[in-house]
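The structure file start-v7.cif is reproduced below (mmCIF, C-alpha atoms and all ligand atoms).
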data_final
#
loop_
_atom_site.label_atom_id
_atom_site.label_comp_id
_atom_site.auth_asym_id
_atom_site.auth_seq_id
_atom_site.Cartn_x
_atom_site.Cartn_y
_atom_site.Cartn_z
CA MET W 1 -23.68 -17.25 16.90
CA LEU W 2 -21.05 -16.76 14.24
CA ILE W 3 -22.18 -15.93 10.70
CA THR W 4 -20.24 -15.52 7.48
CA LEU W 5 -21.31 -12.95 4.90
CA PRO W 6 -19.78 -14.11 1.59
CA ASP W 7 -19.09 -11.43 -1.03
CA LEU W 8 -20.20 -8.48 1.05
CA LEU W 9 -18.02 -6.52 -1.40
CA ASP W 10 -17.45 -7.67 -4.98
CA HIS W 11 -14.05 -8.10 -6.70
CA GLU W 12 -14.07 -4.63 -8.23
CA GLN W 13 -14.89 -2.97 -4.90
CA VAL W 14 -12.21 -5.01 -3.11
CA ARG W 15 -9.61 -4.07 -5.73
CA ALA W 16 -10.36 -0.35 -5.35
CA CYS W 17 -10.33 -0.59 -1.55
CA ARG W 18 -7.02 -2.47 -1.53
CA GLN W 19 -5.38 0.15 -3.70
CA ALA W 20 -6.46 2.86 -1.25
CA LEU W 21 -5.47 0.82 1.83
CA GLU W 22 -1.98 0.04 0.50
CA SER W 23 -1.11 3.73 0.17
CA ALA W 24 -2.92 4.93 3.31
CA SER W 25 -1.25 6.49 6.40
CA TRP W 26 -1.12 3.72 9.03
CA THR W 27 -0.52 4.53 12.70
CA ASP W 28 0.36 2.45 15.75
CA GLY W 29 -2.77 0.51 16.78
CA ARG W 30 -2.01 0.81 20.51
CA ARG W 31 -3.10 4.45 20.40
CA THR W 32 -6.75 3.41 20.15
CA ALA W 33 -6.69 0.46 22.56
CA GLY W 34 -7.95 0.63 26.14
CA HIS W 35 -5.53 0.02 29.07
CA VAL W 36 -6.05 -3.74 29.12
CA ALA W 37 -6.15 -4.32 25.35
CA ALA W 38 -3.05 -2.16 24.71
CA ARG W 39 -0.90 -4.76 26.50
CA VAL W 40 -1.75 -7.43 23.91
CA LYS W 41 -2.18 -5.31 20.78
CA ALA W 42 0.49 -4.98 18.08
CA ASN W 43 -0.81 -3.79 14.72
CA HIS W 44 -1.41 -0.68 12.65
CA GLN W 45 -4.66 1.20 12.18
CA LEU W 46 -6.04 4.13 10.21
CA ALA W 47 -7.11 7.21 12.15
CA THR W 48 -10.90 7.32 12.47
CA ASP W 49 -10.98 10.57 10.44
CA ASP W 50 -8.63 9.29 7.73
CA PRO W 51 -10.22 9.95 4.31
CA VAL W 52 -9.55 6.36 3.18
CA ALA W 53 -11.30 5.01 6.31
CA LEU W 54 -14.27 7.32 5.76
CA GLN W 55 -14.57 6.43 2.08
CA ILE W 56 -14.33 2.63 2.46
CA GLY W 57 -16.41 2.77 5.65
CA THR W 58 -19.26 4.35 3.70
CA ARG W 59 -18.98 1.65 1.05
CA ILE W 60 -19.14 -1.10 3.72
CA ARG W 61 -22.17 0.46 5.41
CA GLN W 62 -23.99 0.70 2.06
CA ALA W 63 -23.29 -2.99 1.42
CA LEU W 64 -24.57 -3.92 4.89
CA SER W 65 -27.80 -2.01 4.48
CA ALA W 66 -28.53 -4.02 1.32
CA HIS W 67 -27.51 -7.37 2.84
CA PRO W 68 -30.53 -9.45 3.96
CA VAL W 69 -28.53 -11.89 6.13
CA PHE W 70 -26.80 -9.07 8.04
CA GLN W 71 -30.14 -7.31 8.58
CA SER W 72 -31.88 -10.49 9.72
CA ALA W 73 -29.05 -11.83 11.90
CA VAL W 74 -27.90 -8.57 13.50
CA LEU W 75 -31.10 -6.46 13.62
CA PRO W 76 -28.95 -3.31 13.56
CA VAL W 77 -29.95 -0.06 15.26
CA ARG W 78 -26.64 1.79 14.99
CA ILE W 79 -23.34 0.94 13.36
CA LEU W 80 -20.11 2.60 14.46
CA PRO W 81 -18.01 3.86 11.54
CA PRO W 82 -15.81 0.97 10.34
CA ARG W 83 -12.16 1.00 11.43
CA PHE W 84 -9.22 -0.48 9.56
CA ASN W 85 -6.20 -2.50 10.56
CA ARG W 86 -3.06 -3.87 9.00
CA TYR W 87 -0.95 -6.74 10.34
CA ALA W 88 2.53 -7.64 9.02
CA GLY W 89 5.95 -8.76 10.30
CA GLY W 90 4.66 -10.84 13.23
CA GLU W 91 2.04 -8.32 14.33
CA HIS W 92 -0.91 -9.78 16.21
CA TYR W 93 -3.67 -8.97 18.68
CA GLY W 94 -3.75 -11.16 21.80
CA LEU W 95 -6.87 -12.42 23.53
CA HIS W 96 -9.18 -9.55 24.51
CA ILE W 97 -12.78 -8.45 24.70
CA ASP W 98 -14.02 -5.31 22.97
CA ASN W 99 -15.42 -2.40 24.95
CA ALA W 100 -19.12 -2.65 25.76
CA ILE W 101 -19.90 1.02 25.12
CA PHE W 102 -18.52 3.55 22.63
CA ARG W 103 -19.21 7.20 22.09
CA LEU W 104 -20.51 8.02 18.62
CA PRO W 105 -18.28 10.45 16.68
CA ASP W 106 -19.76 13.96 16.33
CA ASP W 107 -22.77 12.88 18.34
CA PRO W 108 -23.58 13.07 22.08
CA GLY W 109 -25.06 9.53 21.94
CA LEU W 110 -23.55 6.24 23.07
CA ILE W 111 -23.57 2.92 21.29
CA ARG W 112 -23.66 -0.52 22.95
CA CYS W 113 -21.52 -3.05 21.10
CA ASP W 114 -23.70 -6.13 20.75
CA VAL W 115 -22.21 -7.50 17.54
CA SER W 116 -18.66 -7.37 16.14
CA THR W 117 -17.92 -7.62 12.42
CA THR W 118 -14.65 -8.18 10.57
CA VAL W 119 -14.34 -7.62 6.81
CA PHE W 120 -11.33 -9.22 5.13
CA PHE W 121 -9.38 -7.22 2.51
CA SER W 122 -6.57 -9.76 1.92
CA ASP W 123 -7.03 -13.22 0.44
CA PRO W 124 -5.96 -16.13 2.69
CA GLU W 125 -3.08 -17.16 0.40
CA GLU W 126 -1.55 -13.65 0.59
CA TYR W 127 -0.45 -14.09 4.21
CA GLU W 128 0.57 -16.68 6.78
CA GLY W 129 -1.14 -16.64 10.19
CA GLY W 130 -3.51 -13.76 10.87
CA GLU W 131 -6.44 -15.98 11.78
CA LEU W 132 -9.24 -14.41 13.76
CA ILE W 133 -9.95 -16.79 16.63
CA VAL W 134 -13.25 -16.33 18.43
CA GLN W 135 -14.02 -18.25 21.61
CA ASP W 136 -17.59 -19.41 21.72
CA THR W 137 -19.55 -22.01 23.66
CA TYR W 138 -18.42 -24.74 21.24
CA GLY W 139 -14.71 -23.88 21.53
CA ASP W 140 -12.35 -21.80 19.39
CA GLN W 141 -13.59 -20.82 15.93
CA ARG W 142 -10.73 -20.08 13.50
CA ILE W 143 -11.68 -17.63 10.76
CA LYS W 144 -9.73 -16.65 7.66
CA LEU W 145 -11.97 -15.64 4.78
CA PRO W 146 -11.45 -14.47 1.17
CA ALA W 147 -11.17 -10.73 0.53
CA GLY W 148 -14.62 -9.13 0.41
CA HIS W 149 -16.13 -11.66 2.85
CA ALA W 150 -17.13 -10.74 6.40
CA VAL W 151 -17.76 -12.54 9.67
CA VAL W 152 -20.22 -11.46 12.35
CA TYR W 153 -19.87 -12.65 15.97
CA PRO W 154 -21.19 -11.64 19.40
CA GLY W 155 -19.54 -8.64 21.04
CA THR W 156 -19.47 -10.69 24.24
CA SER W 157 -16.84 -13.10 22.82
CA LEU W 158 -13.16 -13.15 23.73
CA HIS W 159 -11.13 -13.13 20.51
CA ARG W 160 -7.62 -12.69 19.11
CA VAL W 161 -5.69 -12.41 15.85
CA THR W 162 -2.69 -14.76 15.48
CA PRO W 163 0.69 -13.33 14.35
CA VAL W 164 1.03 -12.57 10.63
CA THR W 165 4.36 -14.20 9.80
CA ARG W 166 4.35 -13.61 6.03
CA GLY W 167 2.61 -11.05 3.81
CA VAL W 168 0.13 -8.39 4.92
CA ARG W 169 -3.38 -8.79 6.31
CA TYR W 170 -5.72 -5.84 5.74
CA GLY W 171 -9.10 -5.81 7.44
CA SER W 172 -11.94 -3.68 8.68
CA PHE W 173 -13.77 -4.12 11.95
CA PHE W 174 -16.70 -2.37 13.56
CA TRP W 175 -19.44 -2.71 16.13
CA THR W 176 -23.18 -2.67 15.90
CA GLN W 177 -25.86 -2.05 18.46
CA SER W 178 -28.70 -4.49 17.87
CA LEU W 179 -32.39 -4.18 18.60
CA VAL W 180 -31.87 -7.36 20.66
CA ARG W 181 -28.82 -7.34 22.92
CA ASP W 182 -28.81 -11.05 23.76
CA ASP W 183 -27.07 -13.32 21.24
CA SER W 184 -29.23 -16.40 21.97
CA ARG W 185 -32.40 -14.38 21.39
CA ARG W 186 -31.04 -12.98 18.12
CA ASN W 187 -30.22 -16.55 17.11
CA LEU W 188 -33.78 -17.75 17.82
CA LEU W 189 -35.21 -14.87 15.78
CA LEU W 190 -32.86 -15.64 12.89
CA GLN W 191 -33.80 -19.33 12.88
CA GLN W 192 -37.49 -18.41 12.93
CA ASP W 193 -37.00 -15.92 10.09
CA VAL W 194 -35.08 -18.43 7.94
CA ALA W 195 -37.77 -21.10 8.51
CA ILE W 196 -40.54 -18.66 7.55
CA GLN W 197 -38.69 -17.66 4.38
CA ARG W 198 -38.33 -21.37 3.45
CA LEU W 199 -42.04 -21.97 4.01
CA ILE W 200 -42.88 -18.99 1.80
CA GLN W 201 -40.53 -20.16 -0.99
CA SER W 202 -41.95 -23.70 -0.89
CA GLN W 203 -45.49 -22.28 -0.87
CA GLY W 204 -46.24 -23.87 2.50
CA ASP W 205 -49.52 -23.60 4.38
CA GLN W 206 -50.46 -19.89 4.50
CA ALA W 207 -52.17 -20.07 7.92
CA ALA W 208 -49.01 -21.60 9.41
CA ILE W 209 -46.86 -18.91 7.75
CA ASP W 210 -49.11 -16.17 9.16
CA ALA W 211 -49.00 -17.70 12.65
CA LEU W 212 -45.21 -18.09 12.64
CA THR W 213 -44.77 -14.56 11.29
CA GLY W 214 -46.94 -13.34 14.15
CA VAL W 215 -44.76 -15.18 16.68
CA TYR W 216 -41.63 -13.65 15.11
CA HIS W 217 -42.94 -10.10 15.43
CA ASN W 218 -44.27 -10.66 18.93
CA LEU W 219 -40.92 -12.03 20.11
CA LEU W 220 -39.22 -9.02 18.52
CA ARG W 221 -41.72 -6.77 20.34
CA LEU W 222 -40.88 -8.48 23.65
CA TRP W 223 -37.11 -8.45 23.25
CA SER W 224 -36.29 -5.28 21.31
CA GLU W 225 -34.86 -2.16 22.96
CA ILE W 226 -35.24 1.14 21.17
NI NI N 301 -11.38 -6.90 19.26
#
Just dump the structure as structure tokens.
Amino acid sequence: MLITLPDLLDHEQVRACRQALESASWTDGRRTAGHVAARVKANHQLATDDPVALQIGTRIRQALSAHPVFQSAVLPVRILPPRFNRYAGGEHYGLHIDNAIFRLPDDPGLIRCDVSTTVFFSDPEEYEGGELIVQDTYGDQRIKLPAGHAVVYPGTSLHRVTPVTRGVRYGSFFWTQSLVRDDSRRNLLLQQDVAIQRLIQSQGDQAAIDALTGVYHNLLRLWSEI
């Protein structure tokens, strides 16, 4: 399941973030890649403790906590601090899969990466290439969204970023552990939730709404891991 979150950040927020990102200290992205991913990775990233990364990361996490679609689609338990990348001059990231497990910073706990998110900080017309391509059961999905928009896709997907041949592509990416690890189950819960919300808005039959709401919570009870 691939979901777009339009206007996760508004124009003013994007403008402030871009200013900070353009003057930030970028380092070689291969330093943070695993053995396999490092062979296909060519980009620049911010250090995880970079003040710009921490500041914008906090802003992104605040926006996510107030975003009903993200909450309903992802059912987040833990979100790793957002990371930041920059692609220019032909830089790209070849086909790879993200690590399943990460260690939380300053915390003995681990996080399972069920859901990946990318937030775009460059508008599509600012650069050539730089599409995020996610392989899913229906084939390749090509994603290039306006600045401030985000895309959410399963952590189980192979994905890549095509070479940026003109301009600069700034983005943020991060991983979330969900209450429900399986993407198809999360999708069923989301569809059920959306249908219930529609019934409520159209003032549908209350007994049916109550019954469907009960099914939603009982499925969540069956499938959630906390
Ligand atoms: Ni990746």
>> As an exercise, work out the distance from CA of Trp175 (chain W) to CA of Ala100 (chain W) in Å and give it to one decimal place.
In response: 9.6 Å
At a cut-off of 8 Å, using all atoms listed in the file, what residues contact Gly155 (chain W)? Leave out same-chain residues fewer than 3 positions from it and give the result as a PDB file with C-alpha atoms, keeping the file's coordinate frame.
ATOM      1  CA  ILE W  97     -12.780  -8.450  24.700  1.00  0.00           C
ATOM      2  CA  ASP W  98     -14.020  -5.310  22.970  1.00  0.00           C
ATOM      3  CA  ALA W 100     -19.120  -2.650  25.760  1.00  0.00           C
ATOM      4  CA  CYS W 113     -21.520  -3.050  21.100  1.00  0.00           C
ATOM      5  CA  ASP W 114     -23.700  -6.130  20.750  1.00  0.00           C
ATOM      6  CA  VAL W 115     -22.210  -7.500  17.540  1.00  0.00           C
ATOM      7  CA  SER W 116     -18.660  -7.370  16.140  1.00  0.00           C
ATOM      8  CA  TRP W 175     -19.440  -2.710  16.130  1.00  0.00           C
TER       9      TRP W 175
END
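Pairwise distance (CA of Gln141 (chain W), CA of Leu2 (chain W)) equals 8.7 Å.
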> Taking all atoms listed in the file into account, which residues are within 10 Å of ligand NI 301 (chain N), as a PyMOL selection string?
Replying inline: chain W and resi 33+37+41+93-99+116-118+132+134+155+157-161+173-175
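You will find CA of Tyr87 (chain W) at 21.4 Å from CA of Thr4 (chain W).
Close contacts of Gly29 (chain W), defined as residues with an atom at most 9 Å away when counting all atoms listed in the file, with chain neighbours fewer than 2 positions off set aside, comprise Trp26, Thr27, Arg31, Thr32, Ala33, Ala38, Lys41, Ala42, Asn43, His44, Gln45, Leu46, Asn85 and Arg86 of chain W.
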Requested write-out: C-alpha atoms of the selected residues, as an mmCIF file, in the coordinates of the input:
data_model
loop_
_atom_site.group_PDB
_atom_site.id
_atom_site.type_symbol
_atom_site.label_atom_id
_atom_site.label_comp_id
_atom_site.auth_asym_id
_atom_site.auth_seq_id
_atom_site.Cartn_x
_atom_site.Cartn_y
_atom_site.Cartn_z
ATOM 1 C CA TRP W 26 -1.120 3.720 9.030
ATOM 2 C CA THR W 27 -0.520 4.530 12.700
ATOM 3 C CA ARG W 31 -3.100 4.450 20.400
ATOM 4 C CA THR W 32 -6.750 3.410 20.150
ATOM 5 C CA ALA W 33 -6.690 0.460 22.560
ATOM 6 C CA ALA W 38 -3.050 -2.160 24.710
ATOM 7 C CA LYS W 41 -2.180 -5.310 20.780
ATOM 8 C CA ALA W 42 0.490 -4.980 18.080
ATOM 9 C CA ASN W 43 -0.810 -3.790 14.720
ATOM 10 C CA HIS W 44 -1.410 -0.680 12.650
ATOM 11 C CA GLN W 45 -4.660 1.200 12.180
ATOM 12 C CA LEU W 46 -6.040 4.130 10.210
ATOM 13 C CA ASN W 85 -6.200 -2.500 10.560
ATOM 14 C CA ARG W 86 -3.060 -3.870 9.000
#
